[in-house]
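K.L.:
Input structure: run.tsv, which contains TSV, N, CA and C atoms.
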```
chain	number	residue	atom	x	y	z
A	1	MET	N	-129.67	-7.93	-38.47
A	1	MET	CA	-128.41	-8.24	-39.13
A	1	MET	C	-128.58	-8.05	-40.63
A	2	GLU	N	-127.65	-7.37	-41.23
A	2	GLU	CA	-127.73	-7.08	-42.66
A	2	GLU	C	-127.14	-8.23	-43.45
A	3	ARG	N	-127.87	-8.73	-44.43
A	3	ARG	CA	-127.40	-9.86	-45.23
A	3	ARG	C	-127.34	-9.51	-46.71
A	4	GLY	N	-126.84	-8.34	-47.03
A	4	GLY	CA	-126.71	-7.92	-48.43
A	4	GLY	C	-125.47	-8.51	-49.06
A	5	SER	N	-125.36	-8.38	-50.35
A	5	SER	CA	-124.18	-8.85	-51.06
A	5	SER	C	-123.22	-7.68	-51.21
A	6	ASN	N	-122.42	-7.45	-50.20
A	6	ASN	CA	-121.51	-6.32	-50.15
A	6	ASN	C	-120.11	-6.81	-50.47
A	7	ARG	N	-119.45	-6.15	-51.44
A	7	ARG	CA	-118.09	-6.54	-51.82
A	7	ARG	C	-117.09	-6.16	-50.75
A	8	LEU	N	-117.40	-5.15	-49.99
A	8	LEU	CA	-116.46	-4.63	-49.02
A	8	LEU	C	-116.77	-5.17	-47.62
A	9	SER	N	-115.72	-5.37	-46.87
A	9	SER	CA	-115.93	-5.79	-45.49
A	9	SER	C	-116.36	-4.59	-44.66
A	10	VAL	N	-116.82	-4.85	-43.49
A	10	VAL	CA	-117.24	-3.78	-42.60
A	10	VAL	C	-116.05	-2.89	-42.26
A	11	HIS	N	-114.90	-3.50	-42.09
A	11	HIS	CA	-113.71	-2.73	-41.73
A	11	HIS	C	-113.29	-1.80	-42.87
A	12	ARG	N	-113.33	-2.29	-44.10
A	12	ARG	CA	-112.95	-1.45	-45.25
A	12	ARG	C	-113.97	-0.33	-45.45
A	13	ASP	N	-115.23	-0.64	-45.21
A	13	ASP	CA	-116.27	0.38	-45.33
A	13	ASP	C	-116.03	1.50	-44.31
A	14	GLU	N	-115.70	1.17	-43.09
A	14	GLU	CA	-115.42	2.18	-42.07
A	14	GLU	C	-114.17	2.97	-42.42
A	15	GLU	N	-113.18	2.31	-42.99
A	15	GLU	CA	-111.94	2.99	-43.41
A	15	GLU	C	-112.23	4.01	-44.51
A	16	MET	N	-113.09	3.65	-45.46
A	16	MET	CA	-113.44	4.57	-46.54
A	16	MET	C	-114.24	5.76	-46.00
A	17	LYS	N	-115.13	5.53	-45.05
A	17	LYS	CA	-115.87	6.63	-44.43
A	17	LYS	C	-114.92	7.60	-43.74
A	18	HIS	N	-113.91	7.05	-43.06
A	18	HIS	CA	-112.95	7.89	-42.37
A	18	HIS	C	-112.13	8.73	-43.36
A	19	GLU	N	-111.77	8.14	-44.51
A	19	GLU	CA	-111.01	8.85	-45.53
A	19	GLU	C	-111.80	10.02	-46.12
A	20	LEU	N	-113.10	9.88	-46.27
A	20	LEU	CA	-113.94	10.91	-46.87
A	20	LEU	C	-114.48	11.92	-45.87
A	21	GLN	N	-114.29	11.69	-44.61
A	21	GLN	CA	-114.88	12.54	-43.59
A	21	GLN	C	-114.46	14.00	-43.72
A	22	GLY	N	-113.18	14.26	-43.95
A	22	GLY	CA	-112.69	15.63	-44.09
A	22	GLY	C	-113.28	16.32	-45.30
A	23	LEU	N	-113.37	15.61	-46.42
A	23	LEU	CA	-113.93	16.17	-47.64
A	23	LEU	C	-115.39	16.52	-47.47
A	24	LEU	N	-116.15	15.63	-46.83
A	24	LEU	CA	-117.57	15.87	-46.65
A	24	LEU	C	-117.84	17.02	-45.69
A	25	ARG	N	-117.03	17.17	-44.66
A	25	ARG	CA	-117.24	18.24	-43.70
A	25	ARG	C	-116.82	19.61	-44.25
A	26	SER	N	-115.70	19.64	-44.97
A	26	SER	CA	-115.19	20.94	-45.41
A	26	SER	C	-115.76	21.38	-46.74
A	27	GLY	N	-116.16	20.44	-47.58
A	27	GLY	CA	-116.69	20.80	-48.90
A	27	GLY	C	-115.62	21.14	-49.91
A	28	ARG	N	-114.36	20.88	-49.57
A	28	ARG	CA	-113.25	21.12	-50.49
A	28	ARG	C	-112.24	20.00	-50.29
A	29	PRO	N	-111.37	19.79	-51.28
A	29	PRO	CA	-110.37	18.73	-51.14
A	29	PRO	C	-109.45	18.98	-49.95
A	30	THR	N	-109.09	17.92	-49.25
A	30	THR	CA	-108.26	18.06	-48.06
A	30	THR	C	-106.91	17.37	-48.22
A	31	ARG	N	-106.59	16.93	-49.40
A	31	ARG	CA	-105.32	16.24	-49.63
A	31	ARG	C	-104.17	17.24	-49.76
A	32	VAL	N	-103.00	16.84	-49.32
A	32	VAL	CA	-101.82	17.68	-49.45
A	32	VAL	C	-101.29	17.59	-50.88
A	33	GLU	N	-101.24	16.38	-51.41
A	33	GLU	CA	-100.74	16.19	-52.77
A	33	GLU	C	-101.84	16.54	-53.76
A	34	GLU	N	-101.51	17.36	-54.72
A	34	GLU	CA	-102.49	17.82	-55.70
A	34	GLU	C	-102.99	16.69	-56.59
A	35	TRP	N	-102.15	15.69	-56.84
A	35	TRP	CA	-102.54	14.62	-57.74
A	35	TRP	C	-103.62	13.73	-57.16
A	36	HIS	N	-103.90	13.84	-55.86
A	36	HIS	CA	-104.98	13.06	-55.25
A	36	HIS	C	-106.36	13.67	-55.52
A	37	ASP	N	-106.39	14.96	-55.81
A	37	ASP	CA	-107.67	15.65	-55.99
A	37	ASP	C	-108.34	15.21	-57.29
A	38	PRO	N	-109.66	15.06	-57.28
A	38	PRO	CA	-110.35	14.75	-58.54
A	38	PRO	C	-110.34	15.96	-59.47
A	39	GLU	N	-110.42	15.68	-60.75
A	39	GLU	CA	-110.43	16.77	-61.73
A	39	GLU	C	-111.76	17.50	-61.70
A	40	PRO	N	-111.73	18.83	-61.86
A	40	PRO	CA	-113.00	19.56	-61.94
A	40	PRO	C	-113.71	19.27	-63.26
A	41	ILE	N	-114.97	19.58	-63.31
A	41	ILE	CA	-115.76	19.36	-64.52
A	41	ILE	C	-115.33	20.36	-65.58
A	42	ALA	N	-115.12	19.86	-66.78
A	42	ALA	CA	-114.74	20.74	-67.89
A	42	ALA	C	-115.98	21.34	-68.54
A	43	ASP	N	-115.79	22.46	-69.23
A	43	ASP	CA	-116.93	23.13	-69.87
A	43	ASP	C	-117.55	22.29	-70.98
A	44	ASP	N	-116.75	21.46	-71.63
A	44	ASP	CA	-117.27	20.70	-72.76
A	44	ASP	C	-117.67	19.28	-72.38
A	45	ASP	N	-117.72	18.96	-71.08
A	45	ASP	CA	-118.16	17.64	-70.66
A	45	ASP	C	-119.65	17.48	-70.94
A	46	PRO	N	-120.08	16.28	-71.36
A	46	PRO	CA	-121.51	16.07	-71.59
A	46	PRO	C	-122.26	16.09	-70.27
A	47	PRO	N	-123.55	16.45	-70.30
A	47	PRO	CA	-124.33	16.46	-69.05
A	47	PRO	C	-124.45	15.05	-68.49
A	48	VAL	N	-124.47	14.95	-67.20
A	48	VAL	CA	-124.57	13.66	-66.53
A	48	VAL	C	-126.00	13.16	-66.67
A	49	ALA	N	-126.15	11.90	-67.05
A	49	ALA	CA	-127.48	11.31	-67.20
A	49	ALA	C	-128.16	11.28	-65.84
A	50	GLY	N	-129.43	11.66	-65.81
A	50	GLY	CA	-130.18	11.64	-64.58
A	50	GLY	C	-130.05	12.90	-63.75
A	51	GLY	N	-129.36	13.91	-64.28
A	51	GLY	CA	-129.23	15.17	-63.57
A	51	GLY	C	-130.52	15.95	-63.63
A	52	PRO	N	-130.58	17.11	-62.99
A	52	PRO	CA	-131.83	17.87	-63.01
A	52	PRO	C	-132.17	18.37	-64.40
A	53	VAL	N	-133.44	18.34	-64.71
A	53	VAL	CA	-133.93	18.80	-66.00
A	53	VAL	C	-134.31	20.27	-65.87
A	54	THR	N	-133.85	21.07	-66.80
A	54	THR	CA	-134.20	22.48	-66.81
A	54	THR	C	-135.17	22.72	-67.95
A	55	PRO	N	-136.41	23.11	-67.67
A	55	PRO	CA	-137.35	23.38	-68.74
A	55	PRO	C	-136.80	24.47	-69.66
A	56	GLY	N	-136.94	24.26	-70.97
A	56	GLY	CA	-136.43	25.22	-71.94
A	56	GLY	C	-135.08	24.83	-72.48
A	57	SER	N	-134.40	23.83	-71.87
A	57	SER	CA	-133.11	23.37	-72.38
A	57	SER	C	-133.35	22.26	-73.39
A	58	ASP	N	-132.26	21.74	-73.96
A	58	ASP	CA	-132.42	20.68	-74.95
A	58	ASP	C	-132.96	19.40	-74.32
A	59	ARG	N	-132.78	19.23	-73.01
A	59	ARG	CA	-133.33	18.05	-72.32
A	59	ARG	C	-134.71	18.32	-71.77
A	60	GLY	N	-135.26	19.52	-72.01
A	60	GLY	CA	-136.52	19.91	-71.40
A	60	GLY	C	-137.74	19.50	-72.18
A	61	SER	N	-137.79	18.28	-72.70
A	61	SER	CA	-138.98	17.83	-73.40
A	61	SER	C	-140.08	17.55	-72.38
A	62	VAL	N	-141.30	17.41	-72.85
A	62	VAL	CA	-142.43	17.17	-71.95
A	62	VAL	C	-142.20	15.89	-71.15
A	63	ALA	N	-141.72	14.83	-71.82
A	63	ALA	CA	-141.52	13.56	-71.13
A	63	ALA	C	-140.45	13.68	-70.05
A	64	ALA	N	-139.36	14.40	-70.32
A	64	ALA	CA	-138.28	14.55	-69.34
A	64	ALA	C	-138.74	15.40	-68.15
A	65	VAL	N	-139.46	16.47	-68.42
A	65	VAL	CA	-139.96	17.33	-67.35
A	65	VAL	C	-141.00	16.57	-66.52
A	66	ARG	N	-141.87	15.82	-67.20
A	66	ARG	CA	-142.89	15.04	-66.49
A	66	ARG	C	-142.23	14.01	-65.56
A	67	LEU	N	-141.19	13.34	-66.03
A	67	LEU	CA	-140.49	12.35	-65.22
A	67	LEU	C	-139.85	13.01	-64.00
A	68	ASP	N	-139.21	14.16	-64.21
A	68	ASP	CA	-138.56	14.84	-63.09
A	68	ASP	C	-139.59	15.37	-62.09
A	69	LEU	N	-140.72	15.88	-62.58
A	69	LEU	CA	-141.79	16.32	-61.68
A	69	LEU	C	-142.38	15.14	-60.91
A	70	ALA	N	-142.57	14.02	-61.60
A	70	ALA	CA	-143.18	12.85	-60.97
A	70	ALA	C	-142.29	12.27	-59.87
A	71	ARG	N	-140.99	12.48	-59.98
A	71	ARG	CA	-140.08	12.00	-58.93
A	71	ARG	C	-140.35	12.69	-57.60
A	72	HIS	N	-140.84	13.92	-57.66
A	72	HIS	CA	-141.00	14.71	-56.44
A	72	HIS	C	-142.46	14.92	-56.04
A	73	LEU	N	-143.39	14.80	-56.98
A	73	LEU	CA	-144.80	15.02	-56.68
A	73	LEU	C	-145.53	13.68	-56.66
A	74	GLY	N	-146.35	13.48	-55.67
A	74	GLY	CA	-147.15	12.26	-55.60
A	74	GLY	C	-148.55	12.50	-56.14
A	75	ARG	N	-149.33	11.45	-56.19
A	75	ARG	CA	-150.71	11.57	-56.69
A	75	ARG	C	-151.56	12.44	-55.78
A	76	THR	N	-151.22	12.45	-54.51
A	76	THR	CA	-152.03	13.22	-53.56
A	76	THR	C	-151.79	14.72	-53.68
A	77	SER	N	-150.80	15.13	-54.46
A	77	SER	CA	-150.52	16.56	-54.64
A	77	SER	C	-151.51	17.23	-55.57
A	78	PHE	N	-152.27	16.45	-56.32
A	78	PHE	CA	-153.17	16.99	-57.34
A	78	PHE	C	-154.62	16.79	-56.93
A	79	PRO	N	-155.55	17.60	-57.43
A	79	PRO	CA	-155.40	18.81	-58.23
A	79	PRO	C	-154.88	19.96	-57.36
A	80	ALA	N	-154.07	20.80	-57.97
A	80	ALA	CA	-153.48	21.92	-57.22
A	80	ALA	C	-153.01	22.99	-58.18
A	81	GLY	N	-152.75	24.16	-57.65
A	81	GLY	CA	-152.23	25.27	-58.42
A	81	GLY	C	-150.70	25.29	-58.35
A	82	PRO	N	-150.09	26.15	-59.14
A	82	PRO	CA	-148.62	26.18	-59.17
A	82	PRO	C	-147.99	26.58	-57.84
A	83	ARG	N	-148.63	27.44	-57.06
A	83	ARG	CA	-148.05	27.86	-55.78
A	83	ARG	C	-148.01	26.69	-54.80
A	84	GLU	N	-149.10	25.92	-54.74
A	84	GLU	CA	-149.13	24.76	-53.85
A	84	GLU	C	-148.10	23.72	-54.28
A	85	LEU	N	-148.02	23.51	-55.60
A	85	LEU	CA	-147.09	22.50	-56.11
A	85	LEU	C	-145.64	22.90	-55.91
A	86	SER	N	-145.34	24.20	-56.03
A	86	SER	CA	-143.95	24.62	-55.78
A	86	SER	C	-143.61	24.44	-54.31
A	87	GLY	N	-144.58	24.61	-53.42
A	87	GLY	CA	-144.35	24.34	-52.00
A	87	GLY	C	-144.05	22.87	-51.74
A	88	VAL	N	-144.78	21.99	-52.43
A	88	VAL	CA	-144.53	20.55	-52.30
A	88	VAL	C	-143.14	20.21	-52.84
A	89	LEU	N	-142.78	20.80	-53.98
A	89	LEU	CA	-141.46	20.55	-54.56
A	89	LEU	C	-140.35	21.01	-53.61
A	90	ARG	N	-140.53	22.15	-52.99
A	90	ARG	CA	-139.53	22.63	-52.03
A	90	ARG	C	-139.43	21.68	-50.83
A	91	ALA	N	-140.57	21.20	-50.36
A	91	ALA	CA	-140.58	20.27	-49.23
A	91	ALA	C	-139.90	18.94	-49.59
A	92	GLN	N	-139.95	18.58	-50.87
A	92	GLN	CA	-139.32	17.34	-51.32
A	92	GLN	C	-137.88	17.56	-51.78
A	93	TYR	N	-137.35	18.77	-51.58
A	93	TYR	CA	-135.98	19.12	-51.96
A	93	TYR	C	-135.70	18.92	-53.45
A	94	ALA	N	-136.64	19.37	-54.26
A	94	ALA	CA	-136.47	19.30	-55.72
A	94	ALA	C	-135.44	20.32	-56.16
A	95	PRO	N	-134.82	20.12	-57.33
A	95	PRO	CA	-133.84	21.10	-57.83
A	95	PRO	C	-134.48	22.47	-58.00
A	96	ASP	N	-133.70	23.52	-57.75
A	96	ASP	CA	-134.21	24.89	-57.83
A	96	ASP	C	-134.74	25.21	-59.22
A	97	ALA	N	-134.10	24.70	-60.27
A	97	ALA	CA	-134.55	24.99	-61.64
A	97	ALA	C	-135.97	24.49	-61.86
A	98	LEU	N	-136.31	23.37	-61.25
A	98	LEU	CA	-137.65	22.81	-61.41
A	98	LEU	C	-138.68	23.63	-60.64
A	99	VAL	N	-138.33	24.06	-59.45
A	99	VAL	CA	-139.25	24.87	-58.63
A	99	VAL	C	-139.46	26.23	-59.30
A	100	GLU	N	-138.38	26.83	-59.80
A	100	GLU	CA	-138.48	28.15	-60.44
A	100	GLU	C	-139.29	28.09	-61.73
A	101	ALA	N	-139.37	26.94	-62.37
A	101	ALA	CA	-140.14	26.81	-63.60
A	101	ALA	C	-141.64	26.93	-63.34
A	102	LEU	N	-142.09	26.66	-62.11
A	102	LEU	CA	-143.50	26.75	-61.77
A	102	LEU	C	-143.91	28.16	-61.37
A	103	GLU	N	-142.98	28.98	-60.95
A	103	GLU	CA	-143.30	30.31	-60.43
A	103	GLU	C	-144.01	31.23	-61.44
A	104	PRO	N	-143.62	31.26	-62.72
A	104	PRO	CA	-144.30	32.17	-63.64
A	104	PRO	C	-145.66	31.68	-64.14
A	105	LEU	N	-146.06	30.47	-63.80
A	105	LEU	CA	-147.36	29.97	-64.25
A	105	LEU	C	-148.47	30.76	-63.57
A	106	PRO	N	-149.62	30.92	-64.25
A	106	PRO	CA	-150.71	31.71	-63.67
A	106	PRO	C	-151.22	31.09	-62.37
A	107	GLY	N	-151.45	31.95	-61.38
A	107	GLY	CA	-151.86	31.49	-60.06
A	107	GLY	C	-153.23	30.86	-60.01
A	108	GLY	N	-154.13	31.25	-60.92
A	108	GLY	CA	-155.48	30.70	-60.91
A	108	GLY	C	-155.60	29.36	-61.59
A	109	ALA	N	-154.55	28.88	-62.23
A	109	ALA	CA	-154.60	27.61	-62.94
A	109	ALA	C	-154.59	26.45	-61.95
A	110	ARG	N	-155.30	25.38	-62.31
A	110	ARG	CA	-155.32	24.15	-61.52
A	110	ARG	C	-154.90	23.02	-62.43
A	111	TYR	N	-154.05	22.16	-61.94
A	111	TYR	CA	-153.55	21.04	-62.73
A	111	TYR	C	-154.02	19.74	-62.09
A	112	ALA	N	-154.60	18.86	-62.92
A	112	ALA	CA	-155.17	17.62	-62.41
A	112	ALA	C	-154.13	16.53	-62.24
A	113	ASN	N	-153.03	16.61	-63.00
A	113	ASN	CA	-152.00	15.57	-62.91
A	113	ASN	C	-150.65	16.12	-63.38
A	114	VAL	N	-149.64	15.28	-63.32
A	114	VAL	CA	-148.28	15.69	-63.69
A	114	VAL	C	-148.19	16.00	-65.18
A	115	GLN	N	-148.93	15.27	-66.00
A	115	GLN	CA	-148.89	15.50	-67.45
A	115	GLN	C	-149.32	16.93	-67.79
A	116	GLU	N	-150.43	17.38	-67.24
A	116	GLU	CA	-150.91	18.74	-67.51
A	116	GLU	C	-149.90	19.77	-67.03
A	117	LEU	N	-149.32	19.54	-65.86
A	117	LEU	CA	-148.34	20.47	-65.32
A	117	LEU	C	-147.09	20.52	-66.19
A	118	ALA	N	-146.59	19.37	-66.62
A	118	ALA	CA	-145.40	19.33	-67.46
A	118	ALA	C	-145.64	20.03	-68.80
A	119	GLU	N	-146.81	19.81	-69.39
A	119	GLU	CA	-147.13	20.47	-70.67
A	119	GLU	C	-147.15	21.99	-70.49
A	120	ALA	N	-147.73	22.47	-69.40
A	120	ALA	CA	-147.79	23.91	-69.15
A	120	ALA	C	-146.40	24.49	-68.92
A	121	VAL	N	-145.57	23.79	-68.18
A	121	VAL	CA	-144.21	24.27	-67.89
A	121	VAL	C	-143.39	24.34	-69.17
A	122	VAL	N	-143.44	23.29	-69.99
A	122	VAL	CA	-142.66	23.27	-71.23
A	122	VAL	C	-143.19	24.31	-72.21
A	123	ARG	N	-144.52	24.44	-72.30
A	123	ARG	CA	-145.12	25.43	-73.20
A	123	ARG	C	-144.66	26.83	-72.81
A	124	PHE	N	-144.65	27.12	-71.51
A	124	PHE	CA	-144.22	28.43	-71.04
A	124	PHE	C	-142.74	28.65	-71.31
A	125	ALA	N	-141.91	27.63	-71.07
A	125	ALA	CA	-140.47	27.76	-71.27
A	125	ALA	C	-140.13	27.96	-72.74
A	126	GLU	N	-140.87	27.30	-73.64
A	126	GLU	CA	-140.59	27.43	-75.07
A	126	GLU	C	-141.06	28.77	-75.62
A	127	SER	N	-142.22	29.24	-75.14
A	127	SER	CA	-142.76	30.48	-75.69
A	127	SER	C	-142.13	31.71	-75.04
A	128	GLY	N	-141.81	31.60	-73.76
A	128	GLY	CA	-141.24	32.73	-73.05
A	128	GLY	C	-142.28	33.78	-72.71
A	129	ALA	N	-143.51	33.56	-73.13
A	129	ALA	CA	-144.61	34.49	-72.85
A	129	ALA	C	-145.42	33.94	-71.70
A	130	GLU	N	-146.48	34.65	-71.37
A	130	GLU	CA	-147.34	34.17	-70.29
A	130	GLU	C	-148.05	32.90	-70.72
A	131	ALA	N	-148.12	31.96	-69.79
A	131	ALA	CA	-148.81	30.71	-70.06
A	131	ALA	C	-150.31	30.96	-70.09
A	132	PRO	N	-151.03	30.35	-71.04
A	132	PRO	CA	-152.47	30.55	-71.07
A	132	PRO	C	-153.14	29.90	-69.88
A	133	GLU	N	-154.28	30.45	-69.52
A	133	GLU	CA	-155.05	29.89	-68.41
A	133	GLU	C	-155.47	28.46	-68.77
A	134	GLU	N	-155.31	27.57	-67.82
A	134	GLU	CA	-155.72	26.18	-68.04
A	134	GLU	C	-157.23	26.10	-67.95
A	135	ARG	N	-157.77	25.04	-68.51
A	135	ARG	CA	-159.23	24.90	-68.47
A	135	ARG	C	-159.68	24.69	-67.04
A	136	ALA	N	-160.87	25.14	-66.77
A	136	ALA	CA	-161.43	25.04	-65.43
A	136	ALA	C	-161.81	23.58	-65.15
A	137	PRO	N	-161.60	23.07	-63.94
A	137	PRO	CA	-161.99	21.70	-63.64
A	137	PRO	C	-163.50	21.54	-63.69
A	138	ASP	N	-163.92	20.37	-64.15
A	138	ASP	CA	-165.35	20.09	-64.24
A	138	ASP	C	-165.95	19.98	-62.84
A	139	ALA	N	-167.03	20.67	-62.63
A	139	ALA	CA	-167.64	20.64	-61.29
A	139	ALA	C	-168.88	19.79	-61.29
```
Would you mind writing the structure in this file as structure tokens?

P.N.:
Amino acid sequence: MERGSNRLSVHRDEEMKHELQGLLRSGRPTRVEEWHDPEPIADDDPPVAGGPVTPGSDRGSVAAVRLDLARHLGRTSFPAGPRELSGVLRAQYAPDALVEALEPLPGGARYANVQELAEAVVRFAESGAEAPEERAPDA
């Protein structure tokens, strides 16, 4: 039995699910009256907080990229190369922009943690050139 603090009754919750069912299935508004439809996003709207971080954008700082990578990569993912890590990101359904940021990194590089990976991704995005080879892990 669920004992959460829910403002809505079970009946109202089911009613709301029924109202949204057509929208969720079709992927487009299903209302007859145009005034019921939500407004589309305008070009000058500010970015939504917590959205995907794109390396190389104004939100693409090392800390922001590291946080977004850490949401999808666990400690057990490291040490690894960019190909292995992009596979893990795809398996975790990470945003495409984040997965694509790992593709141009050198294949022979190994990253010990999220911090090293984020620094390499941001460095590559800012320079636009080939990322330098990372240091070899201590054996």

K.L.:
Quote the spacing between atom CA of Gly74 of chain A and atom CA of Leu117 of chain A in Å to one decimal place.

P.N.:
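Here the two named atoms are 12.8 Å from each other.
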
K.L.:
In Å, how far is it from atom CA of Glu116 of chain A to atom N of Gln92 of chain A?

P.N.:
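Atom-to-atom, atom CA of Glu116 of chain A to atom N of Gln92 of chain A, that is 19.9 Å.
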
K.L.:
If I take atom CA of Gly108 of chain A and atom CA of Pro82 of chain A, how far is one from the other in Å, to one decimal?

P.N.:
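Distance between the two atoms: 8.4 Å.
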
K.L.:
Select, from A:Leu85, A:Leu23, A:Leu73, A:Val122, the residue with the minimum atom-to-atom distance to Glu103 of chain A, counting only C-alpha atoms.

P.N.:
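Smallest separation from Glu103 of chain A among the options: A:Leu85.
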
K.L.:
Pick from A:Ala80, A:Ala97, A:Val88, A:Val65: nearest to Val121 of chain A, with only C-alpha atoms counted?

P.N.:
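Nearest to Val121 of chain A: A:Val65.
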
K.L.:
Out of A:Gln115, A:Arg123, A:Leu24, A:Arg7, which residue has the shortest atom-to-atom distance to Ala63 of chain A when counting only C-alpha atoms?

P.N.:
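Checking each of A:Gln115, A:Arg123, A:Leu24, A:Arg7 against Ala63 of chain A, counting only C-alpha atoms, the winner is A:Gln115.
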
K.L.:
Determine the nearest neighbour of Ala70 of chain A from the options A:Val10, A:Val114, A:Glu15, A:Gln21, counting all atoms listed in the file.

P.N.:
A:Val114
